[in-house]
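> See start10.txt below, with compact mmCIF, C-alpha atoms.
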# COMPACT_ATOMS: atom_id res chain seq x y z
CA MET A 1 29.67 32.56 -25.23
CA PRO A 2 29.59 29.33 -23.15
CA ASP A 3 27.37 26.47 -24.25
CA HIS A 4 25.07 26.69 -21.21
CA ASP A 5 24.47 30.41 -21.86
CA MET A 6 23.57 29.70 -25.48
CA ARG A 7 21.21 26.97 -24.32
CA ASP A 8 19.50 29.31 -21.84
CA LEU A 9 18.95 31.92 -24.54
CA THR A 10 17.60 29.28 -26.91
CA ALA A 11 15.20 28.01 -24.26
CA GLU A 12 13.93 31.52 -23.50
CA ASP A 13 13.51 32.54 -27.14
CA ASN A 14 12.23 29.35 -28.76
CA PHE A 15 10.56 27.12 -26.18
CA VAL A 16 6.88 27.99 -26.55
CA PHE A 17 4.24 25.34 -25.98
CA ASP A 18 2.51 24.58 -29.26
CA PRO A 19 -0.14 21.82 -29.16
CA ASP A 20 -0.63 22.21 -32.93
CA GLN A 21 2.98 21.44 -33.86
CA ASP A 22 3.41 19.45 -37.05
CA PRO A 23 3.17 15.73 -36.08
CA GLU A 24 5.94 14.80 -38.54
CA GLU A 25 8.30 17.38 -37.01
CA LYS A 26 7.41 16.19 -33.52
CA ARG A 27 8.03 12.56 -34.51
CA ALA A 28 11.43 13.47 -36.01
CA VAL A 29 12.50 15.31 -32.84
CA ARG A 30 11.60 12.32 -30.66
CA GLN A 31 13.43 9.92 -32.99
CA ASN A 32 16.60 12.03 -32.92
CA TYR A 33 16.51 12.33 -29.13
CA ARG A 34 16.12 8.57 -28.76
CA SER A 35 19.01 8.02 -31.17
CA LEU A 36 21.33 10.28 -29.12
CA THR A 37 20.22 8.61 -25.89
CA ARG A 38 20.88 5.15 -27.33
CA LYS A 39 24.49 6.10 -28.23
CA ILE A 40 25.20 7.17 -24.65
CA GLU A 41 23.51 4.07 -23.20
CA GLU A 42 25.75 1.82 -25.32
CA HIS A 43 28.86 3.20 -23.55
CA HIS A 44 27.30 3.50 -20.09
CA GLY A 45 29.12 0.45 -18.72
CA ASN A 46 32.53 1.44 -20.19
CA PRO A 47 32.89 5.25 -20.32
CA THR A 48 36.52 5.05 -21.48
CA ASP A 49 35.35 3.98 -24.95
CA PHE A 50 33.41 7.23 -25.29
CA THR A 51 35.67 10.24 -25.73
CA ALA A 52 35.01 13.68 -24.33
CA GLU A 53 34.75 15.07 -27.87
CA GLU A 54 32.02 12.55 -28.73
CA LEU A 55 30.15 13.41 -25.55
CA LEU A 56 30.40 17.13 -26.33
CA ASN A 57 29.12 16.45 -29.85
CA GLN A 58 26.08 14.66 -28.40
CA VAL A 59 25.26 17.63 -26.16
CA GLN A 60 25.67 20.09 -29.05
CA GLN A 61 23.30 18.06 -31.21
CA ALA A 62 20.82 18.06 -28.32
CA ASP A 63 21.10 21.87 -28.20
CA LYS A 64 20.12 22.08 -31.86
CA LEU A 65 17.19 19.71 -31.34
CA PHE A 66 15.95 21.70 -28.36
CA SER A 67 15.17 24.64 -30.65
CA LYS A 68 12.43 22.47 -32.19
CA VAL A 69 10.90 21.36 -28.89
CA ARG A 70 7.30 22.57 -28.45
CA GLY A 71 5.79 19.98 -26.11
CA PRO A 72 6.40 18.50 -22.63
CA GLN A 73 7.12 14.98 -23.91
CA GLU A 74 10.00 16.16 -26.11
CA ALA A 75 11.29 18.33 -23.24
CA THR A 76 11.31 15.23 -21.02
CA LEU A 77 13.42 13.36 -23.58
CA ASP A 78 15.83 16.32 -23.65
CA SER A 79 16.21 16.38 -19.85
CA HIS A 80 16.73 12.60 -19.79
CA LEU A 81 19.49 12.91 -22.40
CA LEU A 82 21.25 15.70 -20.46
CA LEU A 83 21.04 13.69 -17.25
CA MET A 84 22.70 10.69 -18.92
CA ALA A 85 25.35 12.94 -20.50
CA SER A 86 26.17 14.55 -17.14
CA ASN A 87 26.44 11.12 -15.49
CA MET A 88 28.74 9.97 -18.27
CA GLY A 89 30.90 13.09 -17.81
CA ALA A 90 31.12 12.45 -14.07
CA GLN A 91 32.22 8.86 -14.68
CA LYS A 92 34.90 9.99 -17.10
CA ALA A 93 36.14 12.60 -14.60
CA ARG A 94 36.46 9.97 -11.87
CA ALA A 95 38.33 7.64 -14.21
CA MET A 96 40.63 10.39 -15.51
CA LYS A 97 44.39 10.07 -14.83
CA SER A 98 47.16 12.53 -15.66
CA GLY A 99 49.74 9.99 -16.81
CA SER A 100 52.97 10.29 -14.80
CA GLY A 101 51.42 12.87 -12.48
CA VAL A 102 49.33 10.32 -10.62
CA PHE A 103 49.60 10.78 -6.86
CA ASP A 104 51.57 7.92 -5.26
CA ILE A 105 50.94 7.65 -1.52
CA ASP A 106 53.91 5.36 -0.81
CA ASP A 107 56.32 7.68 -2.61
CA PHE A 108 54.90 10.71 -0.77
CA VAL A 109 55.31 9.06 2.67
CA SER A 110 58.86 7.96 1.83
CA LYS A 111 59.87 11.50 0.84
CA LEU A 112 58.14 12.91 3.91
CA ILE A 113 60.12 10.64 6.23
CA THR A 114 63.36 11.59 4.48
CA TYR A 115 62.58 15.30 4.79
CA MET A 116 61.93 14.98 8.52
CA GLY A 117 65.28 13.25 9.08
CA GLY A 118 64.08 9.74 9.48
CA ARG A 119 66.10 8.43 6.56
CA LYS A 120 69.20 9.69 4.75
CA PRO A 121 68.88 10.73 1.11
CA VAL A 122 70.26 8.27 -1.46
CA GLU A 123 73.18 10.54 -2.37
CA ASP A 124 74.25 10.78 1.29
CA ALA A 125 73.97 7.06 2.00
CA ALA A 126 77.06 5.09 2.99
CA PRO A 127 78.83 2.97 0.29
CA GLU A 128 77.86 -0.67 0.04
CA ASN A 129 81.35 -1.95 1.14
CA SER A 130 81.27 0.19 4.27
CA ASP A 131 81.22 -1.64 7.54
CA GLU A 132 79.04 1.03 9.10
CA GLU A 133 75.39 0.28 9.32
CA ASP A 134 72.80 2.85 10.00
CA ALA A 135 71.05 1.01 12.78
CA ALA A 136 68.88 3.99 13.61
CA ASP A 137 67.28 4.24 10.17
CA GLY A 138 64.01 2.80 11.33
CA ASP A 139 64.13 4.24 14.85
CA ALA A 140 65.24 7.84 14.17
CA THR A 141 63.09 10.57 15.70
CA LEU A 142 61.14 12.48 13.08
CA ASP A 143 61.38 16.27 13.09
CA TRP A 144 57.70 17.15 12.89
CA ASP A 145 58.44 20.80 13.56
CA ARG A 146 60.27 21.04 10.25
CA ILE A 147 57.31 19.82 8.21
CA GLY A 148 55.04 21.92 10.41
CA ARG A 149 56.86 25.12 9.51
CA LYS A 150 56.57 24.19 5.84
CA ALA A 151 52.82 23.67 6.23
CA LEU A 152 52.37 26.97 8.10
CA ALA A 153 53.83 28.84 5.17
CA LYS A 154 51.01 27.53 2.97
CA SER A 155 48.14 28.09 5.42
CA ARG A 156 46.91 30.84 7.73
CA ARG A 157 44.97 28.43 9.87
CA VAL A 158 45.91 28.37 13.55
CA PRO A 159 47.30 24.95 14.55
CA VAL A 160 45.12 23.22 17.14
CA THR A 161 45.20 19.97 19.02
CA GLY A 162 43.89 17.11 16.96
CA PHE A 163 42.40 13.76 17.86
CA MET A 164 42.61 10.34 16.35
CA LEU A 165 39.54 9.19 14.49
CA GLY A 166 38.71 6.00 16.33
CA PRO A 167 39.99 4.03 19.33
CA LEU A 168 43.50 2.65 19.66
CA SER A 169 42.19 -0.85 20.12
CA ILE A 170 38.83 -2.44 19.64
CA GLU A 171 37.59 -5.15 21.95
CA GLN A 172 34.78 -7.15 20.50
CA LYS A 173 32.05 -7.62 23.02
CA LYS A 174 30.76 -11.12 23.39
CA ARG A 175 27.07 -11.44 23.74
CA GLY A 176 26.24 -13.59 26.70
CA PRO A 177 23.19 -15.80 26.96
CA ILE A 178 20.08 -13.97 28.04
CA LYS A 179 18.03 -15.70 30.66
CA ARG A 180 14.40 -14.83 30.67
CA ALA A 181 12.20 -15.61 33.58
CA LYS A 182 9.31 -17.86 32.73
CA LEU A 183 5.87 -16.47 33.28
CA GLU A 184 4.38 -18.66 35.95
CA MET A 185 0.65 -18.36 36.37
CA ASN A 186 -1.15 -19.04 39.57
CA LYS A 187 -2.85 -22.39 39.11
CA ASP A 188 -5.58 -21.37 41.55
CA GLU A 189 -6.63 -18.56 39.22
CA MET A 190 -6.70 -20.74 36.11
CA LYS A 191 -10.17 -21.67 34.89
CA LYS A 192 -10.99 -24.60 32.68
CA PRO A 193 -13.31 -23.86 29.75
CA GLN A 194 -16.84 -25.09 30.14
CA GLU A 195 -17.37 -28.43 28.45
CA LEU A 196 -20.68 -28.88 26.66
CA ARG A 197 -22.07 -32.26 25.91
CA GLU A 198 -24.88 -33.02 23.50
CA GLU A 199 -27.34 -33.72 26.27
CA ASP A 200 -26.56 -30.33 27.87
CA ILE A 201 -28.08 -28.46 24.91
CA ALA A 202 -31.84 -28.23 25.30
CA ARG A 203 -33.32 -28.91 21.91
CA SER A 204 -36.29 -26.62 21.25
CA GLU A 205 -39.03 -27.65 18.90
CA ASN A 206 -39.09 -26.20 15.42
CA GLU A 207 -40.38 -22.69 16.09
CA THR A 208 -40.97 -21.89 12.38
CA THR A 209 -43.29 -24.85 11.80
CA LYS A 210 -45.17 -24.13 15.02
CA ASN A 211 -45.67 -20.42 14.24
CA VAL A 212 -46.76 -21.11 10.64
CA ALA A 213 -49.45 -23.45 11.88
CA THR A 214 -50.58 -20.92 14.50
CA ILE A 215 -50.90 -18.16 11.91
CA LYS A 216 -52.97 -20.40 9.59
CA LYS A 217 -55.33 -21.25 12.43
CA ILE A 218 -55.79 -17.56 13.29
CA LEU A 219 -56.48 -16.69 9.63
CA ASP A 220 -59.05 -19.51 9.37
CA GLN A 221 -60.94 -17.93 12.23
CA ALA A 222 -60.60 -14.36 10.97
CA GLY A 223 -61.58 -15.04 7.34
CA THR A 224 -60.72 -12.55 4.62
CA THR A 225 -58.53 -9.90 6.23
CA ASN A 226 -56.44 -6.93 5.20
CA LEU A 227 -52.79 -8.02 4.89
CA PHE A 228 -51.38 -5.21 7.02
CA LYS A 229 -54.08 -5.48 9.70
CA PHE A 230 -53.23 -9.17 10.00
CA VAL A 231 -49.42 -9.12 10.14
CA VAL A 232 -48.63 -5.73 11.71
CA ASN A 233 -47.92 -5.74 15.44
CA PRO A 234 -48.23 -2.06 16.50
CA ASN A 235 -46.03 -2.67 19.53
CA ASP A 236 -43.19 -4.67 17.91
CA PHE A 237 -41.65 -4.03 14.48
CA ALA A 238 -39.48 -7.18 14.64
CA GLN A 239 -42.46 -9.47 15.22
CA SER A 240 -44.30 -7.79 12.35
CA VAL A 241 -41.42 -8.81 10.07
CA GLU A 242 -41.55 -12.35 11.52
CA ASN A 243 -45.31 -12.54 10.85
CA ILE A 244 -44.73 -11.69 7.17
CA PHE A 245 -42.00 -14.33 7.08
CA TYR A 246 -44.28 -17.05 8.47
CA LEU A 247 -47.16 -15.98 6.19
CA SER A 248 -44.94 -16.31 3.13
CA PHE A 249 -44.70 -20.09 3.71
CA LEU A 250 -48.48 -20.42 3.62
CA ILE A 251 -48.72 -18.37 0.41
CA ARG A 252 -45.86 -20.35 -1.17
CA ASP A 253 -47.59 -23.67 -0.45
CA GLY A 254 -50.92 -22.37 -1.79
CA MET A 255 -52.68 -22.58 1.57
CA VAL A 256 -53.29 -18.79 1.68
CA ALA A 257 -54.28 -16.56 -1.24
CA LEU A 258 -53.37 -12.88 -1.72
CA ASP A 259 -55.83 -10.72 -3.64
CA ILE A 260 -56.26 -6.98 -4.35
CA ASP A 261 -59.81 -5.70 -3.81
CA GLU A 262 -61.67 -2.88 -5.59
CA LYS A 263 -60.18 -0.25 -3.27
CA GLY A 264 -56.63 -1.44 -4.05
CA GLU A 265 -56.09 -2.95 -0.60
CA PRO A 266 -54.27 -6.32 -0.29
CA ASN A 267 -56.43 -9.01 1.30
CA ILE A 268 -55.51 -12.54 2.39
CA TYR A 269 -57.63 -15.59 3.09
CA THR A 270 -57.15 -19.34 3.46
CA CYS A 271 -57.87 -21.57 0.49
CA GLU A 272 -57.58 -25.18 -0.60
CA GLN A 273 -54.04 -26.15 -1.48
CA PRO A 274 -53.65 -26.82 -5.26
CA SER A 275 -53.03 -30.39 -6.33
CA ASP A 276 -50.64 -31.73 -8.91
CA LYS A 277 -53.56 -31.96 -11.35
CA ASP A 278 -54.20 -28.22 -11.00
CA TYR A 279 -50.59 -27.46 -11.90
CA ALA A 280 -50.79 -29.89 -14.82
CA ASP A 281 -53.88 -28.04 -16.11
CA GLY A 282 -51.91 -24.82 -16.39
CA LEU A 283 -51.93 -23.30 -12.91
CA LYS A 284 -48.73 -21.27 -12.44
CA LYS A 285 -47.04 -20.01 -9.31
CA GLN A 286 -46.37 -16.31 -9.03
CA GLN A 287 -43.80 -14.59 -6.86
CA MET A 288 -43.90 -11.16 -5.25
CA VAL A 289 -41.35 -9.16 -3.26
CA LEU A 290 -42.86 -7.17 -0.39
CA GLU A 291 -40.80 -4.24 0.85
CA PHE A 292 -41.43 -3.71 4.55
CA ASP A 293 -39.26 -1.31 6.52
CA MET A 294 -39.88 0.70 9.69
CA ALA A 295 -41.29 3.62 7.73
CA THR A 296 -43.83 1.31 6.04
CA TRP A 297 -44.66 -0.25 9.42
CA LYS A 298 -45.42 3.15 10.98
CA ARG A 299 -47.40 4.24 7.92
CA ALA A 300 -49.54 1.07 7.99
CA ILE A 301 -50.36 1.62 11.69
CA GLU A 302 -51.46 5.18 10.92
CA VAL A 303 -53.43 4.48 7.72
CA PHE A 304 -55.30 1.36 8.89
CA ASP A 305 -55.61 2.58 12.51
CA ILE A 306 -54.12 -0.62 13.96
CA ARG A 307 -54.46 -0.66 17.73
CA LYS A 308 -54.06 -4.35 18.49
CA SER A 309 -52.28 -7.21 16.75
CA LEU A 310 -54.43 -10.07 15.46
CA ILE A 311 -51.46 -12.40 15.98
CA PRO A 312 -50.62 -12.63 19.71
CA GLN A 313 -47.29 -11.32 20.96
CA ARG A 314 -44.74 -14.15 21.10
CA PRO A 315 -42.15 -14.35 23.91
CA ALA A 316 -38.51 -13.88 22.96
CA ALA A 317 -36.79 -17.13 21.98
CA ARG A 318 -34.28 -18.49 24.51
CA THR A 319 -31.69 -21.27 24.17
CA LYS A 320 -30.23 -23.29 27.02
CA LEU A 321 -26.51 -24.10 26.90
CA GLY A 322 -25.43 -26.19 29.85
CA ASP A 323 -26.92 -24.61 32.94
CA LYS A 324 -27.41 -21.14 31.38
CA TRP A 325 -30.06 -19.63 29.13
CA TYR A 326 -29.28 -17.31 26.23
CA GLY A 327 -31.79 -15.17 24.36
Take the structure in the file and write it out as structure tokens.


Amino acid sequence: MPDHDMRDLTAEDNFVFDPDQDPEEKRAVRQNYRSLTRKIEEHHGNPTDFTAEELLNQVQQADKLFSKVRGPQEATLDSHLLLMASNMGAQKARAMKSGSGVFDIDDFVSKLITYMGGRKPVEDAAPENSDEEDAADGDATLDWDRIGRKALAKSRRVPVTGFMLGPLSIEQKKRGPIKRAKLEMNKDEMKKPQELREEDIARSENETTKNVATIKKILDQAGTTNLFKFVVNPNDFAQSVENIFYLSFLIRDGMVALDIDEKGEPNIYTCEQPSDKDYADGLKKQQMVLEFDMATWKRAIEVFDIRKSLIPQRPAARTKLGDKWYG
């Protein structure tokens, strides 16, 4: 039975996945596979040093090892070994020569010309001391029909007209210079970028400082007030966020106090700013993060029934650049 048939039967009968295979047996199988692979790799660059018998012996040893394979990793090593062995066999086949039977193209062409009558055989050649010279040796007409009849006897294929593979002469094309037309733009349509000078930019006063002072003045007049009733603008969510931002500066500097009353509502009121002596006596600053999104804004308007903002609506900020205003 051929080797590949034996291997197929072995694979069908013995290759069963077994995750509980003995670790020592599994380790031995991997080691043997790597040893066989290493022997083939050593002769990969020079296959002539590795005989066909040695290569066959490697494959036969791999066949015996395959009967112990029970996992995918060992099967991968086996396939890698067979791939290397097949590549080695292909290399040896390409490098194989049959001694004196090697095909010689020059000898074949010479005999072909002689057979078609282009050159006399050696035994029929004129003696060296003869005054006759075969001047037509190189210019004799070849009898292609003779070789054609020989070829027809070996083939049933109908002779057809053939073509040469490629042109008779090749003319190399010279690449000429490519002239590209320049893109000329209409100078009348070209516009120069606007130049801005320092005096063209209208400097607005510090809006933050101005708004912080305004909010403190309003709180002084209002007295103790609910935080949300003071900062929430029922008509503008963005300005409600700005009001909280400006109020945070007053609380940070100790000019406004935040307190929780008996009902759990946050109240704010103006107070005297602490001095350095107060901090030296043990007064500590406290920080708080207030989460205020649109849902909270709508909920505050509904719960505290806010109809009008205590802080007046501010116009949108605008900046002048050159002769244009941006907002």

> Which is closer to Phe50 of chain A than all the others in A:Leu83, A:Ala181, A:Val231, A:Met88, using all atoms listed in the file?

A:Met88

> Between atom CA of Asn267 of chain A and atom CA of Phe228 of chain A, measure the distance and give it in Å to one decimal.

8.5 Å

> For a test of reading the model, state the distance in Å between atom CA of Tyr246 of chain A and atom CA of Val212 of chain A, rounded to one decimal.

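Rounded to one decimal, the two atoms are 5.2 Å apart.
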
> At a cut-off of 9 Å, using only C-alpha atoms, what residues contact segment 312-314 of chain A? Leave out same-chain residues fewer than 4 positions from it and give the result as a list in words.

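Counting only C-alpha atoms, the residues come to Asn233, Asn235, Asp236 and Gln239 of chain A.
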
> In Å to one decimal, how far is atom CA of Asp261 of chain A from atom CA of Ser309 of chain A?

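Rounded to one decimal, the two atoms are 21.9 Å apart.
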
> For Phe230 of chain A, list every protein, DNA or RNA residue within 10 Å, evaluated using all atoms listed in the file, and leave out those in the same chain fewer than 5 positions away; present the list as a list in words.

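Contacts, with the query itself left out: Ile215, Ile218, Leu219, Ala222, Thr224, Thr225, Ser240, Asn243, Ile244, Leu247, Asn267, Ile268, Ile306, Lys308, Ser309, Leu310 and Ile311 of chain A.
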
> Identify, on the basis of all atoms listed in the file, every residue whose closest approach to His44 of chain A does not exceed 10 Å; exclude the query and any residue fewer than 2 positions from it along the same chain; express the result as a VMD selection string.

chain A and resid 38 to 42 46 to 50 84 to 85 87 to 88 91

> Which neighbours of Ile301 of chain A fall inside 8 Å, counting only C-alpha atoms, when residues of the same chain fewer than 6 positions from it are skipped, and could you give them as a PDB file with C-alpha atoms, in the frame of the given file?


ATOM      1  CA  VAL A 232     -48.630  -5.730  11.710  1.00  0.00           C
ATOM      2  CA  PRO A 234     -48.230  -2.060  16.500  1.00  0.00           C
ATOM      3  CA  ARG A 307     -54.460  -0.660  17.730  1.00  0.00           C
TER       4      ARG A 307
END

> Near Cys271 of chain A, within 10 Å and counting only C-alpha atoms, which residues show up once chain neighbours fewer than 6 positions away are dropped, as a list in words?

Asp220, Leu250, Ile251, Gly254, Met255, Val256 and Ala257 of chain A

> May I ask which of the residues A:Gly176, A:Arg157, A:Leu36, A:Lys229 is the closest one to Glu302 of chain A, counting all atoms listed in the file?

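Closest to Glu302 of chain A of all the choices is A:Lys229.
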
> Would you please work out which residue, of A:Pro274, A:Gly162, A:Gly71, A:Gly89, is nearest to Val29 of chain A when using all atoms listed in the file?

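Checking each of A:Pro274, A:Gly162, A:Gly71, A:Gly89 against Val29 of chain A, counting all atoms listed in the file, the winner is A:Gly71.
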